[in-house]
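Engineer: Next up, run-v8.txt (compact mmCIF, C-alpha atoms).
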# COMPACT_ATOMS: atom_id res chain seq x y z
CA MET D 1 -3.66 22.83 -19.79
CA HIS D 2 -7.27 22.69 -20.86
CA GLU D 3 -9.89 20.98 -18.76
CA ASP D 4 -10.94 18.80 -21.72
CA ASN D 5 -7.38 17.40 -21.94
CA ARG D 6 -7.53 16.41 -18.29
CA ASP D 7 -10.82 14.57 -18.84
CA LEU D 8 -9.49 12.87 -21.96
CA ALA D 9 -6.34 11.69 -20.16
CA ALA D 10 -8.31 10.08 -17.39
CA SER D 11 -10.87 8.36 -19.64
CA ALA D 12 -8.92 7.18 -22.72
CA PRO D 13 -8.59 3.39 -23.05
CA LEU D 14 -5.17 2.24 -21.90
CA PRO D 15 -2.83 0.22 -24.12
CA VAL D 16 -1.59 -1.37 -20.90
CA ASP D 17 -2.91 -4.48 -19.17
CA ILE D 18 -2.51 -4.05 -15.44
CA ASP D 19 -1.71 -7.02 -13.20
CA LEU D 20 -2.40 -5.80 -9.66
CA LEU D 21 -1.58 -7.68 -6.46
CA VAL D 22 -2.29 -6.58 -2.91
CA GLU D 23 0.29 -8.74 -1.17
CA ALA D 24 0.30 -7.24 2.33
CA GLY D 25 -0.35 -4.05 4.25
CA ASP D 26 -3.28 -1.82 5.05
CA TRP D 27 -4.37 -0.57 1.61
CA PRO D 28 -7.61 0.81 0.20
CA PRO D 29 -9.83 -1.77 -1.56
CA GLN D 30 -8.28 -3.41 -4.63
CA SER D 31 -10.86 -1.83 -6.96
CA ASP D 32 -9.86 1.63 -5.69
CA LEU D 33 -6.18 0.83 -6.18
CA LEU D 34 -6.82 -0.37 -9.74
CA HIS D 35 -8.62 2.89 -10.48
CA LEU D 36 -5.64 4.88 -9.14
CA VAL D 37 -3.21 2.84 -11.26
CA GLU D 38 -5.29 3.27 -14.42
CA ARG D 39 -5.59 7.02 -13.90
CA ALA D 40 -1.86 7.46 -13.13
CA VAL D 41 -0.78 5.45 -16.17
CA GLY D 42 -3.29 7.26 -18.39
CA ALA D 43 -2.08 10.66 -17.20
CA VAL D 44 1.57 9.80 -17.92
CA LEU D 45 0.78 8.39 -21.36
CA ALA D 46 -1.29 11.48 -22.19
CA GLU D 47 1.34 13.88 -20.86
CA LEU D 48 4.13 12.23 -22.84
CA GLN D 49 1.78 11.83 -25.84
CA LEU D 50 2.74 8.17 -26.15
CA ARG D 51 0.72 6.35 -28.77
CA TRP D 52 1.13 2.59 -28.74
CA THR D 53 -0.22 0.33 -31.43
CA GLY D 54 -0.34 -2.87 -29.39
CA ARG D 55 -0.59 -3.75 -25.72
CA SER D 56 1.93 -3.92 -22.91
CA GLU D 57 1.67 -5.41 -19.44
CA LEU D 58 2.37 -3.66 -16.16
CA SER D 59 2.60 -5.36 -12.77
CA VAL D 60 1.81 -3.34 -9.63
CA VAL D 61 2.35 -4.85 -6.19
CA PHE D 62 1.06 -3.27 -2.99
CA CYS D 63 3.01 -4.72 -0.09
CA ASP D 64 4.24 -3.83 3.39
CA ASP D 65 7.48 -2.31 4.61
CA ALA D 66 9.01 -5.69 5.48
CA ARG D 67 8.64 -6.95 1.89
CA ILE D 68 9.90 -3.76 0.25
CA ARG D 69 12.84 -3.68 2.66
CA ASP D 70 13.82 -7.16 1.46
CA LEU D 71 13.52 -6.08 -2.18
CA ASN D 72 15.46 -2.87 -1.56
CA ALA D 73 18.26 -4.81 0.15
CA GLU D 74 18.40 -7.49 -2.54
CA TRP D 75 18.23 -5.26 -5.63
CA ARG D 76 19.65 -1.93 -4.49
CA GLY D 77 21.88 -2.91 -1.56
CA LYS D 78 19.88 -0.64 0.78
CA ASP D 79 18.65 -2.48 3.88
CA ARG D 80 15.70 -0.23 4.66
CA PRO D 81 12.14 0.24 3.48
CA THR D 82 11.32 2.79 0.81
CA ASN D 83 8.05 4.10 -0.61
CA VAL D 84 8.26 2.77 -4.18
CA LEU D 85 10.52 0.58 -6.28
CA SER D 86 10.43 0.08 -10.04
CA PHE D 87 11.82 -2.87 -11.94
CA PRO D 88 11.85 -2.28 -15.72
CA ALA D 89 11.45 -5.43 -17.80
CA PHE D 90 13.31 -3.87 -20.75
CA GLU D 91 15.68 -0.96 -21.22
CA ALA D 92 13.64 1.98 -22.42
CA GLU D 93 14.18 2.98 -26.06
CA GLU D 94 12.37 5.74 -27.89
CA GLY D 95 9.71 4.27 -30.14
CA PHE D 96 10.05 0.78 -28.59
CA GLN D 97 6.91 -0.64 -27.05
CA PRO D 98 7.83 -3.59 -24.86
CA PRO D 99 5.37 -6.43 -24.27
CA MET D 100 6.09 -6.15 -20.53
CA LEU D 101 6.87 -2.77 -18.97
CA GLY D 102 7.94 -4.11 -15.59
CA ASP D 103 6.93 -3.95 -11.94
CA ILE D 104 6.07 -1.14 -9.57
CA VAL D 105 6.06 -2.00 -5.85
CA LEU D 106 4.67 0.27 -3.10
CA ALA D 107 5.02 -0.15 0.69
CA ALA D 108 1.97 0.49 2.88
CA GLU D 109 3.49 1.81 6.10
CA THR D 110 5.99 4.14 4.41
CA VAL D 111 3.41 5.51 1.97
CA ALA D 112 0.85 6.12 4.74
CA ARG D 113 3.45 7.73 7.02
CA GLU D 114 4.67 10.07 4.26
CA ALA D 115 1.12 11.08 3.33
CA GLU D 116 0.36 11.88 6.96
CA LEU D 117 3.63 13.78 7.53
CA GLU D 118 3.09 15.81 4.36
CA ASN D 119 -0.61 16.32 5.14
CA LYS D 120 -1.67 14.85 1.77
CA PRO D 121 -4.63 12.63 0.99
CA LEU D 122 -3.43 9.02 0.80
CA ASP D 123 -4.89 8.56 -2.70
CA ASN D 124 -2.95 11.59 -3.97
CA HIS D 125 0.31 10.26 -2.54
CA ILE D 126 -0.29 6.79 -3.97
CA SER D 127 -1.03 8.38 -7.36
CA HIS D 128 2.18 10.41 -7.21
CA LEU D 129 4.25 7.33 -6.42
CA LEU D 130 2.56 5.39 -9.23
CA VAL D 131 3.38 8.20 -11.69
CA HIS D 132 6.96 8.29 -10.37
CA GLY D 133 7.37 4.52 -10.61
CA PHE D 134 5.82 4.36 -14.08
CA LEU D 135 8.19 7.06 -15.33
CA HIS D 136 11.11 4.93 -14.13
CA LEU D 137 9.77 2.06 -16.25
CA LEU D 138 9.72 4.43 -19.23
CA GLY D 139 13.39 5.34 -18.76
CA TYR D 140 13.19 8.42 -16.55
CA ASP D 141 15.60 8.75 -13.63
CA HIS D 142 16.78 11.25 -11.03
CA GLU D 143 20.44 10.39 -10.59
CA THR D 144 21.57 13.86 -11.67
CA GLU D 145 20.03 17.25 -10.89
CA GLU D 146 19.05 17.71 -14.55
CA GLU D 147 17.39 14.27 -14.70
CA ALA D 148 15.55 14.99 -11.44
CA GLU D 149 14.26 18.32 -12.75
CA ASP D 150 13.07 16.71 -16.00
CA MET D 151 11.36 13.83 -14.19
CA GLU D 152 9.72 16.06 -11.58
CA ALA D 153 8.40 18.37 -14.31
CA VAL D 154 6.67 15.44 -16.04
CA GLU D 155 5.33 14.24 -12.67
CA ARG D 156 3.87 17.67 -11.91
CA ARG D 157 2.16 17.90 -15.29
CA ALA D 158 0.80 14.34 -15.16
CA LEU D 159 -0.54 14.89 -11.65
CA ALA D 160 -2.10 18.20 -12.70
CA ARG D 161 -4.08 16.21 -15.28
CA LEU D 162 -5.52 14.33 -12.29
CA ALA D 163 -6.19 17.55 -10.32
CA ILE D 164 -3.52 16.57 -7.78
CA PRO D 165 -1.48 19.48 -6.38
CA ASP D 166 2.27 19.74 -7.00
CA PRO D 167 3.84 17.22 -4.60
CA TYR D 168 7.12 19.15 -4.62
CA ALA D 169 5.61 22.52 -3.59
Output the file's structure as structure tokens, nothing else.
Structural biologist:
Amino acid sequence: MHEDNRDLAASAPLPVDIDLLVEAGDWPPQSDLLHLVERAVGAVLAELQLRWTGRSELSVVFCDDARIRDLNAEWRGKDRPTNVLSFPAFEAEEGFQPPMLGDIVLAAETVAREAELENKPLDNHISHLLVHGFLHLLGYDHETEEEAEDMEAVERRALARLAIPDPYA
């Protein structure tokens, strides 16, 4: 990848309106979180070369482990906290630009613990989870080994655009 592509990906205007809520948990300032969301979304859109003609909305919620545990139990039948959940508003279709992409929810304690255990800067880990969650909203999944490999490859390339090291290395 060329350096100029990385700069372009991070600075291009987004066709996505971001609704950000810091609901609970020990998070960086909201302005910092918004910057991370914008950069992650921009990197994914640039990597996938998605060109939208209108605007879509994305909701991102930063919460605590208790809240994400409730959501995980209710929607996935898993009574435990997780790092990120994605809730697509529409089923992804090639060439379809939905008015609402969906919701990405991150959990403070789990995200911070993982970043510390993996010796990663918190911002890098948050960015990785935002990229991962956004890809779910765009129809990517990791239910099979092939799907996981495809999704992780896009994650690696999008994060490289942000000068974030391979999270799977």
Engineer: Between D:Ile68, D:Leu58, D:Ala148, D:Leu162, which has the minimum distance to D:Val111 (counting all atoms listed in the file)?
Structural biologist: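 That would be D:Ile68, the residue with the smallest distance to D:Val111.
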Engineer: Can you work out the spacing between atom CA of D:Gly54 and atom CA of D:Ile18 in Å, to one decimal?
Structural biologist: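 Atom CA of D:Ile18 lies 14.2 Å from atom CA of D:Gly54.
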Engineer: Tell me, in Å to one decimal, how far atom CA of D:Ile126 is from atom CA of D:Asp70.
Structural biologist: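 Result for atom CA of D:Ile126 versus atom CA of D:Asp70: 20.6 Å, one decimal.
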Engineer: What would the list of residues within 10 Å of (6.0, 16.6, -10.7) (file frame) look like as a compact mmCIF listing (two decimals) with C-alpha atoms, in the coordinates of the input, if all atoms listed in the file are what count?
Structural biologist:
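Written output follows (part-v2.txt):
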# COMPACT_ATOMS: atom_id res chain seq x y z
CA HIS D 128 2.18 10.41 -7.21
CA VAL D 131 3.38 8.20 -11.69
CA HIS D 132 6.96 8.29 -10.37
CA ALA D 148 15.55 14.99 -11.44
CA GLU D 149 14.26 18.32 -12.75
CA ASP D 150 13.07 16.71 -16.00
CA MET D 151 11.36 13.83 -14.19
CA GLU D 152 9.72 16.06 -11.58
CA ALA D 153 8.40 18.37 -14.31
CA VAL D 154 6.67 15.44 -16.04
CA GLU D 155 5.33 14.24 -12.67
CA ARG D 156 3.87 17.67 -11.91
CA ARG D 157 2.16 17.90 -15.29
CA ALA D 158 0.80 14.34 -15.16
CA LEU D 159 -0.54 14.89 -11.65
CA ALA D 160 -2.10 18.20 -12.70
CA ILE D 164 -3.52 16.57 -7.78
CA PRO D 165 -1.48 19.48 -6.38
CA ASP D 166 2.27 19.74 -7.00
CA PRO D 167 3.84 17.22 -4.60
CA TYR D 168 7.12 19.15 -4.62
CA ALA D 169 5.61 22.52 -3.59
Engineer: Just how far from atom CA of D:Ala66 is atom CA of D:Ala107, in Å to one decimal?
Structural biologist: 8.3 Å
Engineer: Return the single residue from D:Glu145, D:Glu93, D:Glu114, D:Asp17 that is closest to D:Arg55, with distances computed using all atoms listed in the file.
Structural biologist: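 Counting all atoms listed in the file, the residue closest to D:Arg55 is D:Asp17.
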Engineer: Rank nothing, just name the residue among D:Gln49, D:Asn124, D:Asn72, D:Thr144 nearest to D:Ala112, using all atoms listed in the file.
Structural biologist: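 Distance minimum relative to D:Ala112 lands on D:Asn124.
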Engineer: Pick the closest to D:Val16 from D:Glu57, D:Glu38, D:Glu47, D:Asp141: which is it, counting only C-alpha atoms?
Structural biologist: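 Of D:Glu57, D:Glu38, D:Glu47, D:Asp141, the one nearest D:Val16, counting only C-alpha atoms, is D:Glu57.
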Engineer: So that I can check the surroundings of D:Cys63, please list as a list in words every protein, DNA and RNA residue that reaches within 6 Å of it, counting only C-alpha atoms and ignoring chain neighbours fewer than 3 positions away.
Structural biologist: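 These residues fall inside the cut-off: Glu23, Ala24, Gly25 and Ala107 of chain D.
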Engineer: Considering all atoms listed in the file, return as a short mmCIF file (atom, residue, chain, number, x, y, z; two decimals) with C-alpha atoms, in the frame of the given file whatever protein or nucleic-acid residues lie within 8 Å of stretch 74-90 of chain D, sequence-local ones (same chain, fewer than 3 positions apart) excluded.
Structural biologist:
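The result, written out as selection.cif:
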data_model
loop_
_atom_site.label_atom_id
_atom_site.label_comp_id
_atom_site.auth_asym_id
_atom_site.auth_seq_id
_atom_site.Cartn_x
_atom_site.Cartn_y
_atom_site.Cartn_z
CA ASP D 65 7.48 -2.31 4.61
CA ALA D 66 9.01 -5.69 5.48
CA ILE D 68 9.90 -3.76 0.25
CA ARG D 69 12.84 -3.68 2.66
CA ASP D 70 13.82 -7.16 1.46
CA LEU D 71 13.52 -6.08 -2.18
CA PRO D 98 7.83 -3.59 -24.86
CA MET D 100 6.09 -6.15 -20.53
CA LEU D 101 6.87 -2.77 -18.97
CA GLY D 102 7.94 -4.11 -15.59
CA ASP D 103 6.93 -3.95 -11.94
CA ILE D 104 6.07 -1.14 -9.57
CA VAL D 105 6.06 -2.00 -5.85
CA LEU D 106 4.67 0.27 -3.10
CA ALA D 107 5.02 -0.15 0.69
CA ALA D 108 1.97 0.49 2.88
CA THR D 110 5.99 4.14 4.41
CA VAL D 111 3.41 5.51 1.97
CA LEU D 129 4.25 7.33 -6.42
CA GLY D 133 7.37 4.52 -10.61
CA PHE D 134 5.82 4.36 -14.08
CA HIS D 136 11.11 4.93 -14.13
CA LEU D 137 9.77 2.06 -16.25
CA LEU D 138 9.72 4.43 -19.23
#
Engineer: Kindly indicate which residue among D:Ala40, D:Val60, D:Leu135, D:Leu33 lies nearest to D:Leu21, using all atoms listed in the file for the distances.
Structural biologist: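 Checking each candidate against D:Leu21, we get D:Val60 as the closest.
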Engineer: Can I get C-alpha atoms for stretch 30-76 of chain D, as a compact mmCIF listing (two decimals), in the first residue's frame?
Structural biologist:
# COMPACT_ATOMS: atom_id res chain seq x y z
CA GLN D 30 -15.99 11.35 23.57
CA SER D 31 -14.15 13.52 21.01
CA ASP D 32 -11.30 10.98 20.94
CA LEU D 33 -13.75 8.12 20.51
CA LEU D 34 -15.50 9.92 17.64
CA HIS D 35 -12.13 10.39 15.94
CA LEU D 36 -11.39 6.65 16.31
CA VAL D 37 -14.80 5.74 14.86
CA GLU D 38 -14.40 8.09 11.90
CA ARG D 39 -10.93 6.76 11.11
CA ALA D 40 -11.99 3.09 11.43
CA VAL D 41 -15.04 3.57 9.20
CA GLY D 42 -13.00 5.56 6.67
CA ALA D 43 -10.32 2.87 6.53
CA VAL D 44 -12.88 0.10 5.91
CA LEU D 45 -14.70 2.10 3.23
CA ALA D 46 -11.38 2.89 1.52
CA GLU D 47 -10.14 -0.69 1.76
CA LEU D 48 -13.34 -2.11 0.29
CA GLN D 49 -13.48 0.78 -2.22
CA LEU D 50 -17.11 1.44 -1.31
CA ARG D 51 -18.50 4.52 -3.00
CA TRP D 52 -21.87 5.64 -1.70
CA THR D 53 -23.95 8.31 -3.35
CA GLY D 54 -26.04 9.26 -0.32
CA ARG D 55 -25.64 9.06 3.43
CA SER D 56 -26.11 6.29 5.95
CA GLU D 57 -26.28 6.38 9.73
CA LEU D 58 -24.18 4.37 12.15
CA SER D 59 -24.77 4.12 15.89
CA VAL D 60 -21.82 3.36 18.18
CA VAL D 61 -22.37 2.76 21.90
CA PHE D 62 -19.56 2.61 24.43
CA CYS D 63 -20.83 0.83 27.51
CA ASP D 64 -19.65 -1.35 30.38
CA ASP D 65 -19.44 -5.12 30.78
CA ALA D 66 -22.76 -5.32 32.66
CA ARG D 67 -24.67 -3.73 29.76
CA ILE D 68 -22.99 -5.77 27.04
CA ARG D 69 -23.54 -8.94 29.07
CA ASP D 70 -27.28 -8.19 29.09
CA LEU D 71 -27.25 -7.57 25.33
CA ASN D 72 -25.21 -10.71 24.66
CA ALA D 73 -27.62 -12.81 26.75
CA GLU D 74 -30.72 -11.30 25.14
CA TRP D 75 -29.62 -11.38 21.49
CA ARG D 76 -27.10 -14.22 21.32
